[in-house]
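Below is one structure; the comments refer to it alone.
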Amino acid sequence: MRTLPAAQAIRQAAATAGRLGGRWSREPRALDILTALSAFALMSLDVPGLAEADNSLNGPLAVLALAAGASSLLVRRRAPWLTYAVALFYLGWLHELTLAQFALYSLGRYRGRLAGALGVVGYVAFAYVMFNLPGWPVHRGDTLGEFSSLVVPIGVLAAGVGVAANRQDLVRALEAQRTETDTLHAVQRERTRIARDVHDFVGRELTLLSVRSQVLARRAEGGPFEDDFEELSETARSAHRMLNEIIVQRGTDGAPTPGLAALPELAERSGRAGSPVDLLIDGAAYRLSPLRQAAVHRVVQECLTNAAKHAPGEEVSVRVALQDGRLQITVSNPLPTMAPSSAPISAGTGTTGMAERIRAVGGTFTAGPKATTYEVKATLSAGELS
């Protein structure tokens, strides 16, 4: 009857220990404590020799000295060079090689390949000096060959393992960063889809509401509710315009989407980069809605970028004209007389992006060579002017 409760208690204790061990293994401070205890346990094997042959320390003093040296591993992440210096001190004082292995590993792990290589060179050089001084213990290498076969591999192997772990840390950090970036992109894409849904569905309903209100206003013409229906129709149109502005002006970084007012700055930057711009904007175009101004800015920006890539040094003509309720954007530049020495770096999606932006507001878009120039032309409805 007592066997079952005892077995359950053992299983529960084992499960609890496993959970605690897993939690501790993910804590850097816990790992440092475990490393220091492991180093102290290995160094404690030398306590009899320290108390008898290597120096005048007795057993308790040797234990305290080794515990003090192992405690330097608690700062091996933040200050691995300090741990390394303590290890060299113990190498010269007690001829202790174990702490040097942990110190060299920490150098390679937390400071990289160069630090690991410098640590190995310093360690071997210091050990060689100590080997040539009186008092070097026989069990650490009586001849130069024995010394080299013992001391050198210890340092190289420890630092090499540390450098390999450092590389793995870098790979894991890059993978974590990539995962975080992918997550942010996924969130942003979802937010964009939500914004488009809000614009499409709510905008459509507001448009229908406005149209129906106008119909009812005509039916109630001369009646007591005519003004109320007109006010309702105007409220729906105002809400639709506000929705457009909110969707357009909330860019991916929260900043307002640039409009026509930002085009002179674009032209100035292009001129400083070597591609002068002849910019002409119809004054009435500044009364366009933010949605259409953002479309104009997108087209001009991409055209100037393409001109700088494919026809560097050529003057770019930019015309934004408003006539008979239609907005026309024309950007042209002379075709280069000579092919560039190296192909320009381009993702090939700029023209597609411009076309999508223009078509999203109900316009038309064309781009391509025309005689001796390359011309981009976009036409769209001016909509309601403010």
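Letters for chains follow the order of the structure tokens (A, B, ...), residue numbers begin at 1 for each chain, and ligand numbers begin at 1 in the order shown.
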Looking only at the backbone, which of the residues in segment 220-382 of chain A does DSSP tag as helix (DSSP H, G or I), as a PyMOL selection string?
chain A and resi 226-249+260-272+283-287+290-310+350-360
Neighbouring residues of segment 155-166 of chain A were defined as those with any atom within 9 Å, considering only C-alpha atoms; residues of the same chain fewer than 5 positions away were excluded. Please report them as number ranges by chain.
A: 100-113, 116-117, 119-121, 123-124, 171
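Minimum atom-to-atom distances from A:Ser289, A:Ala79, A:Leu266, A:Ser148 to Ala125 of chain A were compared using only C-alpha atoms, and the lowest value belongs to A:Ser148.
For the atom pair formed by atom CA of Arg272 of chain A and atom CA of Leu322 of chain A, the distance is 28.6 Å, given to one decimal.
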Can you tell me, as an MDAnalysis selection string, what residues are no more than 8 Å from Leu279 of chain A when counting only C-alpha atoms, ignoring any on the same chain fewer than 6 positions away?
chainID A and resid 264 267 317:319
Computed gap from atom CA of Arg76 of chain A to atom CA of Asp32 of chain A is 7.7 Å
Neighbouring residues of Leu42 of chain A were defined as those with any atom within 12 Å, considering only C-alpha atoms; residues of the same chain fewer than 5 positions away were excluded. Please report them as a PyMOL selection string.
chain A and resi 35-37+47+63+66-67+70+96-99+101-102
Could you please write out, as an NGL selection string, every residue of segment 295-328 of chain A that DSSP assigns to strand (DSSP E or B)?
:A and (316-323 or 326-328)
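Separating atom CA of Pro258 of chain A from atom CA of Gln293 of chain A is a distance of 7.6 Å.
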